[in-house]
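Student: Provided herewith: input.pdb, PDB, C-alpha atoms and all ligand atoms.
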ATOM      1  CA  MET A 226       7.230  51.536 -43.918
ATOM      2  CA  LYS A 227       5.786  54.814 -45.161
ATOM      3  CA  LYS A 228       3.301  54.539 -48.013
ATOM      4  CA  ASN A 229       4.881  55.786 -51.257
ATOM      5  CA  LYS A 230       3.673  55.436 -54.775
ATOM      6  CA  LEU A 231       5.786  52.751 -56.400
ATOM      7  CA  ALA A 232       5.654  53.154 -60.161
ATOM      8  CA  THR A 233       8.933  51.593 -61.261
ATOM      9  CA  LEU A 234      11.411  48.918 -60.241
ATOM     10  CA  GLU A 235      13.729  51.731 -59.163
ATOM     11  CA  ASP A 236      11.015  52.986 -56.783
ATOM     12  CA  LEU A 237      10.739  49.504 -55.301
ATOM     13  CA  TYR A 238      14.551  49.311 -55.106
ATOM     14  CA  VAL A 239      14.668  52.549 -53.077
ATOM     15  CA  HIS A 240      11.758  51.360 -50.921
ATOM     16  CA  GLU A 241      13.607  48.124 -50.076
ATOM     17  CA  LEU A 242      16.898  49.968 -49.505
ATOM     18  CA  LYS A 243      15.155  52.154 -46.919
ATOM     19  CA  ASP A 244      13.730  49.056 -45.243
ATOM     20  CA  ILE A 245      17.092  47.310 -44.868
ATOM     21  CA  TYR A 246      18.784  50.571 -43.855
ATOM     22  CA  ASN A 247      16.377  50.928 -40.957
ATOM     23  CA  ALA A 248      16.750  47.215 -40.154
ATOM     24  CA  GLU A 249      20.547  47.608 -39.926
ATOM     25  CA  LYS A 250      20.175  50.702 -37.722
ATOM     26  CA  GLN A 251      17.914  48.776 -35.327
ATOM     27  CA  LEU A 252      20.398  45.938 -35.310
ATOM     28  CA  THR A 253      23.277  48.166 -34.166
ATOM     29  CA  LYS A 254      21.280  48.710 -30.968
ATOM     30  CA  ALA A 255      20.340  45.033 -30.544
ATOM     31  CA  LEU A 256      23.745  43.383 -31.140
ATOM     32  CA  PRO A 257      25.434  44.814 -28.006
ATOM     33  CA  LYS A 258      22.549  43.384 -25.952
ATOM     34  CA  LEU A 259      23.049  39.965 -27.564
ATOM     35  CA  ALA A 260      26.814  40.128 -26.916
ATOM     36  CA  LYS A 261      26.144  40.971 -23.272
ATOM     37  CA  ALA A 262      23.624  38.125 -22.945
ATOM     38  CA  ALA A 263      25.880  35.438 -24.496
ATOM     39  CA  SER A 264      27.707  33.095 -22.110
ATOM     40  CA  SER A 265      30.166  31.650 -24.616
ATOM     41  CA  GLN A 266      33.114  33.968 -25.263
ATOM     42  CA  GLN A 267      33.165  32.900 -28.924
ATOM     43  CA  LEU A 268      29.504  33.822 -29.323
ATOM     44  CA  LYS A 269      30.090  37.192 -27.621
ATOM     45  CA  THR A 270      32.945  37.864 -30.050
ATOM     46  CA  ALA A 271      30.811  36.822 -33.031
ATOM     47  CA  PHE A 272      28.122  39.359 -32.049
ATOM     48  CA  GLU A 273      30.713  42.079 -31.447
ATOM     49  CA  GLU A 274      32.364  41.443 -34.804
ATOM     50  CA  HIS A 275      29.011  41.518 -36.539
ATOM     51  CA  LEU A 276      28.280  44.881 -34.934
ATOM     52  CA  GLU A 277      31.388  46.299 -36.619
ATOM     53  CA  GLU A 278      30.361  44.749 -39.928
ATOM     54  CA  THR A 279      26.846  46.162 -39.518
ATOM     55  CA  GLN A 280      28.289  49.652 -39.106
ATOM     56  CA  ASN A 281      30.260  49.201 -42.339
ATOM     57  CA  GLN A 282      27.133  47.908 -44.073
ATOM     58  CA  ILE A 283      25.299  51.102 -43.056
ATOM     59  CA  SER A 284      28.136  53.204 -44.561
ATOM     60  CA  ARG A 285      27.843  51.267 -47.834
ATOM     61  CA  LEU A 286      24.085  51.930 -47.880
ATOM     62  CA  ASP A 287      24.829  55.631 -47.174
ATOM     63  CA  GLN A 288      27.017  55.665 -50.291
ATOM     64  CA  ILE A 289      24.161  54.207 -52.341
ATOM     65  CA  PHE A 290      21.645  56.747 -51.002
ATOM     66  CA  GLU A 291      24.064  59.562 -51.779
ATOM     67  CA  ARG A 292      24.401  58.397 -55.362
ATOM     68  CA  LEU A 293      20.617  58.061 -55.731
ATOM     69  CA  GLY A 294      20.035  61.454 -54.114
ATOM     70  CA  GLN A 295      17.786  59.775 -51.553
ATOM     71  CA  ARG A 296      17.879  59.375 -47.840
ATOM     72  CA  SER A 297      16.261  57.131 -45.319
ATOM     73  CA  THR A 298      14.117  58.795 -42.671
ATOM     74  CA  SER A 299      12.864  57.648 -39.303
ATOM     75  CA  THR A 300       9.437  56.983 -40.842
ATOM     76  CA  ASP A 301      10.890  54.115 -42.907
ATOM     77  CA  LYS A 302      10.698  51.697 -40.017
ATOM     78  CA  CYS A 303      11.336  48.022 -40.713
ATOM     79  CA  ASP A 304       8.510  46.327 -38.786
ATOM     80  CA  ALA A 305       9.947  42.863 -39.428
ATOM     81  CA  MET A 306      13.276  43.689 -37.773
ATOM     82  CA  GLU A 307      11.461  45.363 -34.917
ATOM     83  CA  GLY A 308       9.520  42.119 -34.371
ATOM     84  CA  LEU A 309      12.599  39.903 -34.587
ATOM     85  CA  ILE A 310      14.439  42.112 -32.103
ATOM     86  CA  LYS A 311      11.435  42.133 -29.774
ATOM     87  CA  GLU A 312      11.443  38.335 -29.791
ATOM     88  CA  GLY A 313      15.188  38.364 -29.085
ATOM     89  CA  ASP A 314      14.715  40.767 -26.169
ATOM     90  CA  LYS A 315      12.031  38.527 -24.742
ATOM     91  CA  PHE A 316      14.283  35.496 -25.109
ATOM     92  CA  ILE A 317      17.211  37.246 -23.400
ATOM     93  CA  LYS A 318      15.062  37.473 -20.259
ATOM     94  CA  GLU A 319      14.147  33.760 -20.315
ATOM     95  CA  GLU A 320      15.687  31.703 -17.558
ATOM     96  CA  ALA A 321      17.699  28.881 -19.117
ATOM     97  CA  ALA A 322      20.880  26.882 -18.617
ATOM     98  CA  PRO A 323      23.749  28.962 -20.094
ATOM     99  CA  ALA A 324      24.318  26.706 -23.128
ATOM    100  CA  VAL A 325      20.583  26.425 -23.789
ATOM    101  CA  HIS A 326      20.337  30.209 -23.547
ATOM    102  CA  ASP A 327      23.206  30.634 -26.028
ATOM    103  CA  ALA A 328      21.584  28.153 -28.432
ATOM    104  CA  GLY A 329      18.401  30.252 -28.278
ATOM    105  CA  LEU A 330      20.322  33.482 -28.933
ATOM    106  CA  ILE A 331      21.833  31.828 -32.018
ATOM    107  CA  VAL A 332      18.375  30.872 -33.319
ATOM    108  CA  GLY A 333      17.191  34.475 -32.927
ATOM    109  CA  ALA A 334      20.315  35.885 -34.604
ATOM    110  CA  GLN A 335      20.039  33.446 -37.515
ATOM    111  CA  LYS A 336      16.418  34.512 -38.095
ATOM    112  CA  VAL A 337      17.738  38.080 -38.402
ATOM    113  CA  GLU A 338      20.533  37.026 -40.779
ATOM    114  CA  HIS A 339      18.093  35.169 -43.007
ATOM    115  CA  TYR A 340      15.867  38.238 -43.232
ATOM    116  CA  GLU A 341      18.870  40.310 -44.271
ATOM    117  CA  ILE A 342      20.102  37.704 -46.753
ATOM    118  CA  ALA A 343      16.666  37.747 -48.431
ATOM    119  CA  ALA A 344      16.672  41.559 -48.527
ATOM    120  CA  TYR A 345      20.196  41.890 -49.967
ATOM    121  CA  GLY A 346      19.605  39.036 -52.406
ATOM    122  CA  SER A 347      16.605  40.875 -53.875
ATOM    123  CA  LEU A 348      18.424  44.209 -53.828
ATOM    124  CA  CYS A 349      21.363  42.669 -55.741
ATOM    125  CA  THR A 350      18.939  41.357 -58.360
ATOM    126  CA  PHE A 351      17.304  44.791 -58.709
ATOM    127  CA  ALA A 352      20.674  46.589 -58.926
ATOM    128  CA  GLU A 353      21.724  44.154 -61.636
ATOM    129  CA  ILE A 354      18.543  44.704 -63.682
ATOM    130  CA  LEU A 355      18.812  48.479 -63.228
ATOM    131  CA  ASN A 356      22.501  48.424 -64.255
ATOM    132  CA  PHE A 357      23.614  50.072 -61.027
ATOM    133  CA  GLU A 358      27.102  48.533 -61.099
ATOM    134  CA  ASP A 359      28.561  50.422 -58.132
ATOM    135  CA  ASP A 360      25.515  49.691 -55.992
ATOM    136  CA  LEU A 361      25.681  46.037 -56.953
ATOM    137  CA  ASN A 362      29.267  45.752 -55.722
ATOM    138  CA  LEU A 363      28.407  47.394 -52.406
ATOM    139  CA  LEU A 364      25.281  45.259 -51.949
ATOM    140  CA  LYS A 365      27.208  42.089 -52.758
ATOM    141  CA  GLU A 366      29.691  42.944 -49.995
ATOM    142  CA  ASN A 367      26.830  43.303 -47.517
ATOM    143  CA  LEU A 368      25.243  40.082 -48.735
ATOM    144  CA  SER A 369      28.439  38.076 -48.358
ATOM    145  CA  GLU A 370      29.036  39.449 -44.857
ATOM    146  CA  GLU A 371      25.531  38.375 -43.832
ATOM    147  CA  GLU A 372      26.077  34.926 -45.335
ATOM    148  CA  ALA A 373      29.404  34.611 -43.508
ATOM    149  CA  ALA A 374      27.812  35.741 -40.227
ATOM    150  CA  ASP A 375      25.059  33.153 -40.664
ATOM    151  CA  GLU A 376      27.637  30.451 -41.422
ATOM    152  CA  LYS A 377      29.690  31.468 -38.356
ATOM    153  CA  LEU A 378      26.609  31.129 -36.135
ATOM    154  CA  SER A 379      25.894  27.674 -37.584
ATOM    155  CA  GLN A 380      29.485  26.645 -36.858
ATOM    156  CA  LEU A 381      29.257  27.875 -33.274
ATOM    157  CA  ALA A 382      26.019  25.968 -32.801
ATOM    158  CA  GLU A 383      27.476  22.821 -34.333
ATOM    159  CA  SER A 384      30.839  23.110 -32.586
ATOM    160  CA  GLY A 385      29.481  22.626 -29.141
ATOM    161  CA  ILE A 386      26.850  25.095 -28.023
ATOM    162  CA  ASN A 387      23.977  22.828 -29.074
ATOM    163  CA  GLU A 388      25.733  19.790 -27.661
ATOM    164  CA  ALA A 389      26.364  21.562 -24.369
ATOM    165  CA  ALA A 390      22.736  22.677 -24.436
ATOM    166  CA  GLU A 391      21.642  19.069 -24.839
ATOM    167  CA  VAL A 392      23.770  17.983 -21.886
ATOM    168  CA  GLY A 393      22.371  20.896 -19.881
ATOM    169  CA  ALA A 394      18.845  19.908 -20.784
ATOM    170  CA  GLN A 395      19.450  16.272 -19.837
ATOM    171  CA  ARG A 396      20.849  17.345 -16.477
ATOM    172  CA  ASP A 397      17.706  19.338 -15.860
ATOM    173  CA  PHE A 398      15.617  16.242 -16.529
ATOM    174  CA  ASP A 399      17.664  13.958 -14.201
TER     175      ASP A 399
HETATM  176 FE    FE A 401      23.510  43.487 -41.755
END
Mind turning the file's structure into structure tokens?

Tutor:
Amino acid sequence: MKKNKLATLEDLYVHELKDIYNAEKQLTKALPKLAKAASSQQLKTAFEEHLEETQNQISRLDQIFERLGQRSTSTDKCDAMEGLIKEGDKFIKEEAAPAVHDAGLIVGAQKVEHYEIAAYGSLCTFAEILNFEDDLNLLKENLSEEEAADEKLSQLAESGINEAAEVGAQRDFD
């Protein structure tokens, strides 16, 4: 992130908005790679659906920037998301049994979701304190989509991918 002088909570709010905006932008490039790498059709679909949601989340953030008279620039890079995506890219190339590979993709994606949940949670708190009602509604929509995406990934892991991964792992040890 670019170094700005942060004097007020609103400055910090804008700073964090720029961070998550850039994080979402990076994610739109990473999600298609995750969808391609997934073996389970359900997991592929989950990544594809989250890509669509991510695009809507970016439009909501655009609305907020427009209202604030601010815009995010390419210098506002989210280093954390870059790191998470780099780890994901590295994992995609790992050789693993298909179910084990899918379980690993889920771990990586959930790390991303948790980062975003933390970011939107804080942004909602700031918007509430600053009395930015419209922003708060938009940010809450993003937050609940991230929570739902995280929950969906947990369900997929619990509903068989981890179990299949365990069987796969046992076979490898036989
Ligand atoms: Fe997102």

Student: Once the PyMOL selection byres (((chain A and resi 278-288) around 8) and not hetatm) has been evaluated on this model, what residues remain selected, and can you format them as a VMD selection string?

Tutor: chain A and resid 242 246 249 to 250 252 to 253 274 to 277 289 to 292 296 363 to 364 367 370

Student: Rounded to one decimal in Å, what is the spacing between atom CA of His326 of chain A and atom CA of Asp304 of chain A?

Tutor: 25.1 Å

Student: Given the choices A:Thr300, A:Ala328, A:His240, A:Ile342, which gets closest to ligand FE 401 (chain A) if the distance is worked out from only C-alpha atoms and all ligand atoms?

Tutor: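 Of A:Thr300, A:Ala328, A:His240, A:Ile342, the one nearest ligand FE 401 (chain A), counting only C-alpha atoms and all ligand atoms, is A:Ile342.
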
Student: One decimal, in Å: what's the spacing between atom CA of Asp327 of chain A and atom CA of Ser264 of chain A?

Tutor: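 Calculated distance between atom CA of Asp327 of chain A and atom CA of Ser264 of chain A is 6.5 Å.
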
Student: So that I can check the surroundings of Gly346 of chain A, please list as a ChimeraX atom specification every protein, DNA and RNA residue that reaches within 9 Å of it, counting all atoms listed in the file and ignoring chain neighbours fewer than 5 positions away.

Tutor: /A:341,351,364-365,368

Student: Please compute the atom CA of Glu319 of chain A-atom CA of Gly333 of chain A distance, one decimal, in Å.

Tutor: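 It comes out at 13.0 Å.
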
Student: Measuring between only C-alpha atoms and all ligand atoms, which one of A:Phe316, A:Phe272, A:Phe357, A:Tyr238 shows the shortest distance to ligand FE 401 (chain A)?

Tutor: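 Under the stated criterion, the closest residue is A:Phe272.
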
Student: For segment 289-307 of chain A, what centre and edge lengths in Å (one decimal) does the axis-aligned box get once 5 Å is added on each side of all its listed atoms, as JSON?

Tutor:
{"center_x": 16.5, "center_y": 52.2, "center_z": -45.3, "size_x": 25.9, "size_y": 28.6, "size_z": 30.8}

Student: I would like the residues chosen by the PyMOL selection byres (((chain A and resi 317) around 9) and not hetatm) on the shown file; could you give them as a list in words?

Tutor: Lys258, Leu259, Ala262, Ala263, Glu312, Gly313, Asp314, Lys315, Phe316, Lys318, Glu319, Glu320, His326, Gly329 and Leu330 of chain A

Student: Generate the output file for the selected residues, C-alpha atoms, as a PDB file, in the coordinates of the input.

Tutor:
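So out_19.pdb came out as:
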ATOM      1  CA  LYS A 258      22.549  43.384 -25.952  1.00  0.00           C
ATOM      2  CA  LEU A 259      23.049  39.965 -27.564  1.00  0.00           C
ATOM      3  CA  ALA A 262      23.624  38.125 -22.945  1.00  0.00           C
ATOM      4  CA  ALA A 263      25.880  35.438 -24.496  1.00  0.00           C
ATOM      5  CA  GLU A 312      11.443  38.335 -29.791  1.00  0.00           C
ATOM      6  CA  GLY A 313      15.188  38.364 -29.085  1.00  0.00           C
ATOM      7  CA  ASP A 314      14.715  40.767 -26.169  1.00  0.00           C
ATOM      8  CA  LYS A 315      12.031  38.527 -24.742  1.00  0.00           C
ATOM      9  CA  PHE A 316      14.283  35.496 -25.109  1.00  0.00           C
ATOM     10  CA  LYS A 318      15.062  37.473 -20.259  1.00  0.00           C
ATOM     11  CA  GLU A 319      14.147  33.760 -20.315  1.00  0.00           C
ATOM     12  CA  GLU A 320      15.687  31.703 -17.558  1.00  0.00           C
ATOM     13  CA  HIS A 326      20.337  30.209 -23.547  1.00  0.00           C
ATOM     14  CA  GLY A 329      18.401  30.252 -28.278  1.00  0.00           C
ATOM     15  CA  LEU A 330      20.322  33.482 -28.933  1.00  0.00           C
TER      16      LEU A 330
END

Student: Nearest to Glu391 of chain A: which of A:Ile354, A:Val325, A:Leu361, A:Ala248 is it, counting only C-alpha atoms?

Tutor: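 Nearest to Glu391 of chain A: A:Val325.
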
Student: Which residue gives the smallest distance to Val239 of chain A among A:Ala334, A:Lys254, A:Lys311, A:Ala352, with only C-alpha atoms counted?

Tutor: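 Looking only at the distances to Val239 of chain A, the closest residue turns out to be A:Ala352.
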